[in-house]
file coords-v6.tsv (TSV, C-alpha atoms and all ligand atoms)
chain	number	residue	atom	x	y	z
A	1	MET	CA	0.75	30.83	54.91
A	2	SER	CA	-0.42	31.43	51.38
A	3	ASP	CA	1.88	31.07	48.33
A	4	THR	CA	1.58	34.78	47.65
A	5	SER	CA	3.55	35.79	50.83
A	6	PRO	CA	6.20	38.49	50.18
A	7	HIS	CA	8.99	36.09	51.35
A	8	LYS	CA	8.30	33.57	48.62
A	9	PRO	CA	8.62	34.28	44.91
A	10	ALA	CA	5.26	34.63	43.20
A	11	PRO	CA	4.24	31.37	41.49
A	12	HIS	CA	4.56	32.90	38.02
A	13	SER	CA	8.19	33.93	38.64
A	14	ARG	CA	9.34	30.41	39.63
A	15	LYS	CA	11.67	28.84	37.11
A	16	ALA	CA	9.98	25.84	35.51
A	17	PRO	CA	12.07	22.67	35.53
A	18	PRO	CA	13.40	21.71	32.09
A	19	PRO	CA	10.89	19.48	30.28
A	20	GLU	CA	11.48	15.73	30.29
A	21	PRO	CA	12.73	14.64	26.86
A	22	LEU	CA	9.87	13.06	24.89
A	23	VAL	CA	10.13	9.32	24.37
A	24	ASP	CA	8.96	7.69	21.16
A	25	PRO	CA	8.85	3.94	21.88
A	26	ILE	CA	8.74	3.16	18.15
A	27	ALA	CA	11.75	5.30	17.15
A	28	ASP	CA	13.66	4.07	20.23
A	29	HIS	CA	13.07	0.40	19.40
A	30	PRO	CA	16.38	-1.39	18.69
A	31	SER	CA	15.14	-2.72	15.32
A	32	TYR	CA	13.74	0.64	14.12
A	33	ASP	CA	16.46	0.97	11.48
A	34	GLU	CA	16.34	-2.65	10.30
A	35	THR	CA	14.36	-1.92	7.14
A	36	GLU	CA	16.36	-3.61	4.38
A	37	THR	CA	14.39	-5.98	2.17
A	38	PHE	CA	14.17	-9.66	3.11
A	39	VAL	CA	12.42	-10.87	-0.07
A	40	GLY	CA	14.75	-9.35	-2.61
A	41	ILE	CA	17.33	-10.00	-5.29
A	42	TRP	CA	20.69	-8.44	-4.36
A	43	GLY	CA	18.93	-5.93	-2.13
A	44	HIS	CA	16.15	-5.08	-4.62
A	45	PRO	CA	12.71	-5.89	-3.14
A	46	ILE	CA	10.73	-8.34	-5.31
A	47	HIS	CA	7.53	-6.67	-4.11
A	48	ALA	CA	8.53	-3.34	-5.65
A	49	MET	CA	9.36	-5.13	-8.93
A	50	SER	CA	6.15	-7.17	-9.05
A	51	VAL	CA	3.58	-4.45	-8.26
A	52	ALA	CA	3.94	-3.00	-11.77
A	53	PHE	CA	1.92	-5.95	-13.17
A	54	PRO	CA	-1.30	-5.63	-11.12
A	55	VAL	CA	-1.14	-1.83	-11.40
A	56	ALA	CA	-0.85	-1.91	-15.21
A	57	LEU	CA	-3.43	-4.71	-15.61
A	58	THR	CA	-5.96	-2.82	-13.47
A	59	PHE	CA	-5.69	0.11	-15.90
A	60	CYS	CA	-5.88	-2.32	-18.86
A	61	THR	CA	-9.15	-3.79	-17.53
A	62	PHE	CA	-10.73	-0.35	-17.43
A	63	GLY	CA	-9.32	0.49	-20.88
A	64	ALA	CA	-10.69	-2.73	-22.42
A	65	ASP	CA	-14.11	-2.12	-20.79
A	66	ALA	CA	-14.19	1.42	-22.20
A	67	LEU	CA	-13.24	0.20	-25.69
A	68	TYR	CA	-15.95	-2.47	-25.52
A	69	TRP	CA	-18.47	0.21	-24.51
A	70	LEU	CA	-17.39	2.41	-27.44
A	71	SER	CA	-17.07	-0.29	-30.12
A	72	GLY	CA	-19.29	-3.18	-28.99
A	73	ASP	CA	-16.49	-5.47	-30.23
A	74	LEU	CA	-16.44	-8.81	-28.35
A	75	PHE	CA	-12.64	-8.81	-28.55
A	76	TRP	CA	-12.49	-6.08	-25.88
A	77	ALA	CA	-14.85	-7.96	-23.54
A	78	ARG	CA	-12.56	-10.99	-23.81
A	79	ALA	CA	-9.47	-8.80	-23.29
A	80	ALA	CA	-11.14	-7.27	-20.21
A	81	VAL	CA	-11.84	-10.62	-18.53
A	82	TRP	CA	-8.22	-11.71	-19.09
A	83	ALA	CA	-6.89	-8.40	-17.81
A	84	ALA	CA	-9.17	-8.58	-14.74
A	85	GLY	CA	-8.05	-12.17	-13.96
A	86	THR	CA	-4.35	-11.52	-14.39
A	87	ALA	CA	-4.58	-8.26	-12.40
A	88	PHE	CA	-6.01	-10.30	-9.53
A	89	LEU	CA	-3.52	-13.18	-9.77
A	90	PHE	CA	-0.45	-10.94	-10.12
A	91	GLY	CA	-1.90	-8.80	-7.32
A	92	LEU	CA	-1.98	-11.88	-5.07
A	93	LEU	CA	1.67	-12.61	-5.91
A	94	ALA	CA	2.66	-9.02	-5.15
A	95	GLY	CA	0.61	-9.21	-1.94
A	96	LEU	CA	2.49	-12.36	-0.85
A	97	THR	CA	5.92	-10.75	-1.25
A	98	GLY	CA	4.68	-7.56	0.45
A	99	THR	CA	3.22	-9.52	3.37
A	100	ALA	CA	6.49	-11.42	3.78
A	101	GLU	CA	8.36	-8.10	3.99
A	102	LEU	CA	5.86	-6.78	6.50
A	103	LEU	CA	6.05	-9.78	8.80
A	104	LEU	CA	9.75	-10.66	8.49
A	105	VAL	CA	11.51	-7.28	8.50
A	106	PRO	CA	11.36	-5.81	12.05
A	107	GLY	CA	11.79	-2.16	11.02
A	108	ILE	CA	8.91	-2.51	8.51
A	109	ARG	CA	6.69	-4.47	10.92
A	110	ILE	CA	7.00	-1.82	13.63
A	111	ARG	CA	5.84	1.12	11.46
A	112	ALA	CA	2.12	1.95	11.34
A	113	PRO	CA	2.20	3.18	7.70
A	114	ALA	CA	3.31	-0.30	6.55
A	115	TRP	CA	0.12	-1.73	8.13
A	116	THR	CA	-1.99	1.04	6.56
A	117	HIS	CA	-0.58	0.00	3.16
A	118	PHE	CA	-1.44	-3.62	3.95
A	119	VAL	CA	-5.07	-2.74	4.74
A	120	ILE	CA	-5.52	-0.64	1.57
A	121	ALA	CA	-3.83	-3.35	-0.53
A	122	VAL	CA	-5.99	-6.18	0.83
A	123	MET	CA	-9.08	-4.09	0.04
A	124	LEU	CA	-7.73	-3.63	-3.49
A	125	LEU	CA	-7.13	-7.38	-3.87
A	126	SER	CA	-10.71	-8.17	-2.83
A	127	LEU	CA	-12.02	-5.64	-5.39
A	128	LEU	CA	-9.78	-7.10	-8.13
A	129	GLY	CA	-11.04	-10.60	-7.27
A	130	ALA	CA	-14.66	-9.43	-7.32
A	131	ASN	CA	-14.18	-7.79	-10.73
A	132	TRP	CA	-12.82	-11.04	-12.18
A	133	GLY	CA	-15.27	-13.40	-10.47
A	134	TYR	CA	-18.26	-11.32	-11.58
A	135	ARG	CA	-17.18	-11.69	-15.23
A	136	LEU	CA	-16.79	-15.48	-15.08
A	137	GLN	CA	-20.60	-15.85	-15.24
A	138	GLY	CA	-20.73	-14.07	-18.63
A	139	PHE	CA	-17.87	-11.78	-19.53
A	140	GLU	CA	-19.74	-9.72	-22.14
A	141	GLU	CA	-22.95	-8.97	-20.20
A	142	ALA	CA	-20.91	-8.21	-17.06
A	143	ILE	CA	-19.33	-5.05	-18.48
A	144	LEU	CA	-22.28	-2.64	-18.68
A	145	PRO	CA	-22.84	-1.13	-16.27
A	146	TYR	CA	-21.34	-2.83	-13.21
A	147	GLY	CA	-18.14	-4.27	-14.69
A	148	ILE	CA	-16.91	-0.92	-16.02
A	149	LEU	CA	-17.99	0.88	-12.84
A	150	LEU	CA	-15.99	-1.60	-10.76
A	151	SER	CA	-13.00	-1.28	-13.11
A	152	GLY	CA	-13.12	2.53	-12.80
A	153	PHE	CA	-13.28	2.31	-9.01
A	154	ASN	CA	-10.38	-0.18	-9.02
A	155	VAL	CA	-8.27	2.29	-11.00
A	156	LEU	CA	-8.79	4.84	-8.20
A	157	VAL	CA	-7.98	2.32	-5.46
A	158	VAL	CA	-4.85	1.04	-7.24
A	159	MET	CA	-3.63	4.62	-7.60
A	160	VAL	CA	-4.06	5.21	-3.86
A	161	THR	CA	-2.35	1.87	-3.06
A	162	GLY	CA	0.57	2.56	-5.40
A	163	TRP	CA	0.98	6.13	-4.15
A	164	HIS	CA	1.00	4.92	-0.56
A	165	GLY	CA	3.48	2.13	-1.41
A	166	GLY	CA	5.74	4.77	-2.95
A	167	LYS	CA	5.48	6.75	0.30
A	168	LEU	CA	6.83	3.73	2.20
A	169	VAL	CA	9.87	3.64	-0.07
A	170	PHE	CA	10.56	7.32	-0.75
A	171	ASP	CA	9.51	8.85	2.60
A	172	TYR	CA	10.27	6.05	5.08
A	173	ARG	CA	12.94	4.28	2.94
A	174	LEU	CA	11.41	0.87	3.68
A	175	GLY	CA	12.97	-2.03	1.79
A	176	THR	CA	15.89	0.12	0.62
A	177	SER	CA	19.56	-0.81	0.88
A	178	LYS	CA	21.79	1.00	3.36
A	179	GLY	CA	24.46	1.14	0.66
A	180	ASN	CA	26.98	-1.24	2.25
B	1	LIG	C1	-1.19	-7.16	0.48
B	1	LIG	C2	-0.16	-6.86	1.18
B	1	LIG	C3	0.92	-5.87	0.86
B	1	LIG	C4	1.89	-5.52	1.74
B	1	LIG	C5	2.03	-6.05	3.16
B	1	LIG	C6	2.76	-4.57	1.11
B	1	LIG	C7	3.89	-4.01	1.70
B	1	LIG	C8	4.77	-3.15	1.07
B	1	LIG	C9	6.06	-2.76	1.57
B	1	LIG	C10	6.67	-3.23	2.90
B	1	LIG	C11	6.63	-1.89	0.69
B	1	LIG	C12	8.02	-1.22	0.80
B	1	LIG	C13	9.00	-1.89	-0.17
B	1	LIG	C14	9.36	-3.28	0.22
B	1	LIG	O1	9.84	-3.51	1.33
B	1	LIG	O2	9.14	-4.19	-0.60
B	1	LIG	C15	5.68	-1.73	-0.40
B	1	LIG	C16	5.88	-0.93	-1.50
B	1	LIG	C17	4.96	-0.78	-2.52
B	1	LIG	N1	3.75	-1.45	-2.65
B	1	LIG	FE1	3.02	-2.86	-1.40
B	1	LIG	N2	2.27	-4.30	-0.15
B	1	LIG	C18	1.16	-5.08	-0.36
B	1	LIG	C19	0.42	-5.13	-1.52
B	1	LIG	C20	0.53	-4.24	-2.58
B	1	LIG	C21	-0.30	-4.21	-3.75
B	1	LIG	C22	-1.45	-5.19	-4.02
B	1	LIG	C23	0.12	-3.16	-4.52
B	1	LIG	C24	-0.41	-2.65	-5.83
B	1	LIG	C25	-0.96	-3.39	-6.72
B	1	LIG	C26	1.23	-2.53	-3.84
B	1	LIG	C27	1.93	-1.42	-4.31
B	1	LIG	C28	3.14	-0.99	-3.81
B	1	LIG	C29	3.99	0.00	-4.46
B	1	LIG	C30	3.69	0.72	-5.76
B	1	LIG	C31	5.11	0.13	-3.66
B	1	LIG	C32	6.30	1.07	-3.92
B	1	LIG	C33	7.32	0.35	-4.77
B	1	LIG	C34	8.41	1.27	-5.29
B	1	LIG	O3	8.30	2.49	-5.18
B	1	LIG	O4	9.39	0.75	-5.86
B	1	LIG	N3	1.46	-3.22	-2.66
B	1	LIG	N4	4.56	-2.52	-0.15

call {"tool": "encode", "arguments": {"input": "coords-v6.tsv", "output": "structure tokens"}}
result
Amino acid sequence: MSDTSPHKPAPHSRKAPPPEPLVDPIADHPSYDETETFVGIWGHPIHAMSVAFPVALTFCTFGADALYWLSGDLFWARAAVWAAGTAFLFGLLAGLTGTAELLLVPGIRIRAPAWTHFVIAVMLLSLLGANWGYRLQGFEEAILPYGILLSGFNVLVVMVTGWHGGKLVFDYRLGTSKGN
């Protein structure tokens, strides 16, 4: 007998069973809410404190390059190579504390956006290292045109990295204290 027989309700009038509740294996993980900082001072993540240095020095490198371009003053070429080197070295330090948080805090390790931030940040660190290394062969000649172009690009990448890091803290509350 076909399903459309008058003794059976038409298929479209059958009551659908209630949908199974959706399962999110990440949100259901027991350590999902374990997001407090591990590498911190009294609950304040050292990573968040240390990122200000590479961010500021990346901008300084571009500023010194631009002032060298405008003035031709060797002082700015020297300032740029120092800013590029310290941006890279402080960036590595910030990267170490960030990586420790990522690997050691289960609620950070389990979230995909934390790994996205890691990938963007490692790309930034390689660009900062390239900008410094390129200048070590001759810090004045390196600036025009490739040094300043790289510095300008690094400013864009550091802005994306910093914005995304802020998203981890302000949207996902990673590294923050639970207030107890
Ligand atoms: C290389 C590996 C890195 C990893 C694994 C990493 C991971 C993290 C994590 C887990 C947070 C949340 C706060 C915390 O728990 O400390 C964070 C925040 C942040 N990160 Fe990174 N990070 C890395 C590198 C960097 C670099 C190189 C920069 C920029 C130069 C950067 C910029 C930021 C910023 C701006 C925040 C937000 C801080 C705040 O709002 O107070 N990160 N990062």

call {"tool": "residues_near_ligand", "arguments": {"input": "coords-v6.tsv", "ligand": "ligand LIG 1 (chain B)", "cutoff": "6 Å", "atoms": "all atoms listed in the file", "output": "number ranges by chain"}}
result
A: 37, 45, 47-48, 51, 54-55, 91, 94-95, 98-99, 101-102, 114, 118, 121-122, 158, 161-162, 165-166, 168-169, 174-175

call {"tool": "atom_distance", "arguments": {"input": "coords-v6.tsv", "atom1": "atom CA of Thr61 of chain A", "atom2": "atom CA of Met49 of chain A"}}
result
20.5 Å

call {"tool": "residues_around", "arguments": {"input": "coords-v6.tsv", "residues": "segment 75-90 of chain A", "least_positions_apart": "3", "cutoff": "7 Å", "atoms": "all atoms listed in the file", "output": "list in words"}}
result
Phe53, Pro54, Leu57, Thr58, Cys60, Thr61, Ala64, Asp65, Leu67, Tyr68, Leu93, Ala94, Leu125, Leu128, Gly129, Asn131, Trp132, Arg135, Phe139 and Glu140 of chain A

call {"tool": "atom_distance", "arguments": {"input": "coords-v6.tsv", "atom1": "atom CA of Leu144 of chain A", "atom2": "atom CA of Phe62 of chain A"}}
result
11.8 Å

call {"tool": "closest_residue", "arguments": {"input": "coords-v6.tsv", "among": "A:Val39, A:His164, A:Ser50, A:Leu156", "to": "Trp115 of chain A", "atoms": "only C-alpha atoms"}}
result
A:His164

call {"tool": "atom_distance", "arguments": {"input": "coords-v6.tsv", "atom1": "atom CA of Thr35 of chain A", "atom2": "atom CA of Leu96 of chain A"}}
result
17.7 Å

call {"tool": "closest_residue", "arguments": {"input": "coords-v6.tsv", "among": "A:Leu92, A:Leu104, A:His44, A:Arg109", "to": "Leu124 of chain A", "atoms": "only C-alpha atoms"}}
result
A:Leu92

call {"tool": "build_atoms", "arguments": {"input": "coords-v6.tsv", "residues": "segment 55-80 of chain A", "atoms": "N, CA and C atoms", "output": "CSV table (one decimal), keeping the file's coordinate frame"}}
result
chain,number,residue,atom,x,y,z
A,55,VAL,N,-0.8,-3.2,-11.2
A,55,VAL,CA,-1.1,-1.8,-11.4
A,55,VAL,C,-1.5,-1.6,-12.9
A,56,ALA,N,-0.6,-2.1,-13.8
A,56,ALA,CA,-0.8,-1.9,-15.2
A,56,ALA,C,-2.1,-2.7,-15.7
A,57,LEU,N,-2.3,-3.9,-15.2
A,57,LEU,CA,-3.4,-4.7,-15.6
A,57,LEU,C,-4.8,-4.1,-15.1
A,58,THR,N,-4.7,-3.5,-14.0
A,58,THR,CA,-6.0,-2.8,-13.5
A,58,THR,C,-6.4,-1.7,-14.4
A,59,PHE,N,-5.4,-0.9,-14.9
A,59,PHE,CA,-5.7,0.1,-15.9
A,59,PHE,C,-6.2,-0.5,-17.2
A,60,CYS,N,-5.5,-1.7,-17.6
A,60,CYS,CA,-5.9,-2.3,-18.9
A,60,CYS,C,-7.3,-2.8,-18.8
A,61,THR,N,-7.8,-3.3,-17.7
A,61,THR,CA,-9.2,-3.8,-17.5
A,61,THR,C,-10.1,-2.7,-17.8
A,62,PHE,N,-9.8,-1.5,-17.2
A,62,PHE,CA,-10.7,-0.4,-17.4
A,62,PHE,C,-10.7,0.1,-18.9
A,63,GLY,N,-9.5,0.1,-19.5
A,63,GLY,CA,-9.3,0.5,-20.9
A,63,GLY,C,-10.1,-0.4,-21.8
A,64,ALA,N,-10.0,-1.8,-21.6
A,64,ALA,CA,-10.7,-2.7,-22.4
A,64,ALA,C,-12.2,-2.6,-22.3
A,65,ASP,N,-12.7,-2.3,-21.0
A,65,ASP,CA,-14.1,-2.1,-20.8
A,65,ASP,C,-14.6,-0.9,-21.6
A,66,ALA,N,-13.8,0.2,-21.5
A,66,ALA,CA,-14.2,1.4,-22.2
A,66,ALA,C,-14.2,1.2,-23.7
A,67,LEU,N,-13.3,0.4,-24.2
A,67,LEU,CA,-13.2,0.2,-25.7
A,67,LEU,C,-14.4,-0.7,-26.1
A,68,TYR,N,-14.8,-1.6,-25.2
A,68,TYR,CA,-16.0,-2.5,-25.5
A,68,TYR,C,-17.2,-1.6,-25.5
A,69,TRP,N,-17.3,-0.7,-24.6
A,69,TRP,CA,-18.5,0.2,-24.5
A,69,TRP,C,-18.6,1.1,-25.8
A,70,LEU,N,-17.4,1.5,-26.3
A,70,LEU,CA,-17.4,2.4,-27.4
A,70,LEU,C,-17.6,1.6,-28.7
A,71,SER,N,-17.0,0.4,-28.8
A,71,SER,CA,-17.1,-0.3,-30.1
A,71,SER,C,-18.1,-1.4,-30.2
A,72,GLY,N,-18.4,-2.0,-29.0
A,72,GLY,CA,-19.3,-3.2,-29.0
A,72,GLY,C,-18.6,-4.4,-29.5
A,73,ASP,N,-17.3,-4.3,-29.7
A,73,ASP,CA,-16.5,-5.5,-30.2
A,73,ASP,C,-16.2,-6.5,-29.1
A,74,LEU,N,-16.6,-7.8,-29.4
A,74,LEU,CA,-16.4,-8.8,-28.4
A,74,LEU,C,-15.0,-9.0,-27.9
A,75,PHE,N,-14.1,-8.7,-28.9
A,75,PHE,CA,-12.6,-8.8,-28.6
A,75,PHE,C,-12.3,-8.1,-27.2
A,76,TRP,N,-12.8,-6.9,-27.1
A,76,TRP,CA,-12.5,-6.1,-25.9
A,76,TRP,C,-13.1,-6.7,-24.6
A,77,ALA,N,-14.3,-7.3,-24.7
A,77,ALA,CA,-14.8,-8.0,-23.5
A,77,ALA,C,-14.0,-9.1,-23.1
A,78,ARG,N,-13.5,-9.9,-24.1
A,78,ARG,CA,-12.6,-11.0,-23.8
A,78,ARG,C,-11.2,-10.5,-23.2
A,79,ALA,N,-10.7,-9.4,-23.8
A,79,ALA,CA,-9.5,-8.8,-23.3
A,79,ALA,C,-9.7,-8.3,-21.8
A,80,ALA,N,-10.9,-7.8,-21.6
A,80,ALA,CA,-11.1,-7.3,-20.2
A,80,ALA,C,-11.2,-8.4,-19.2
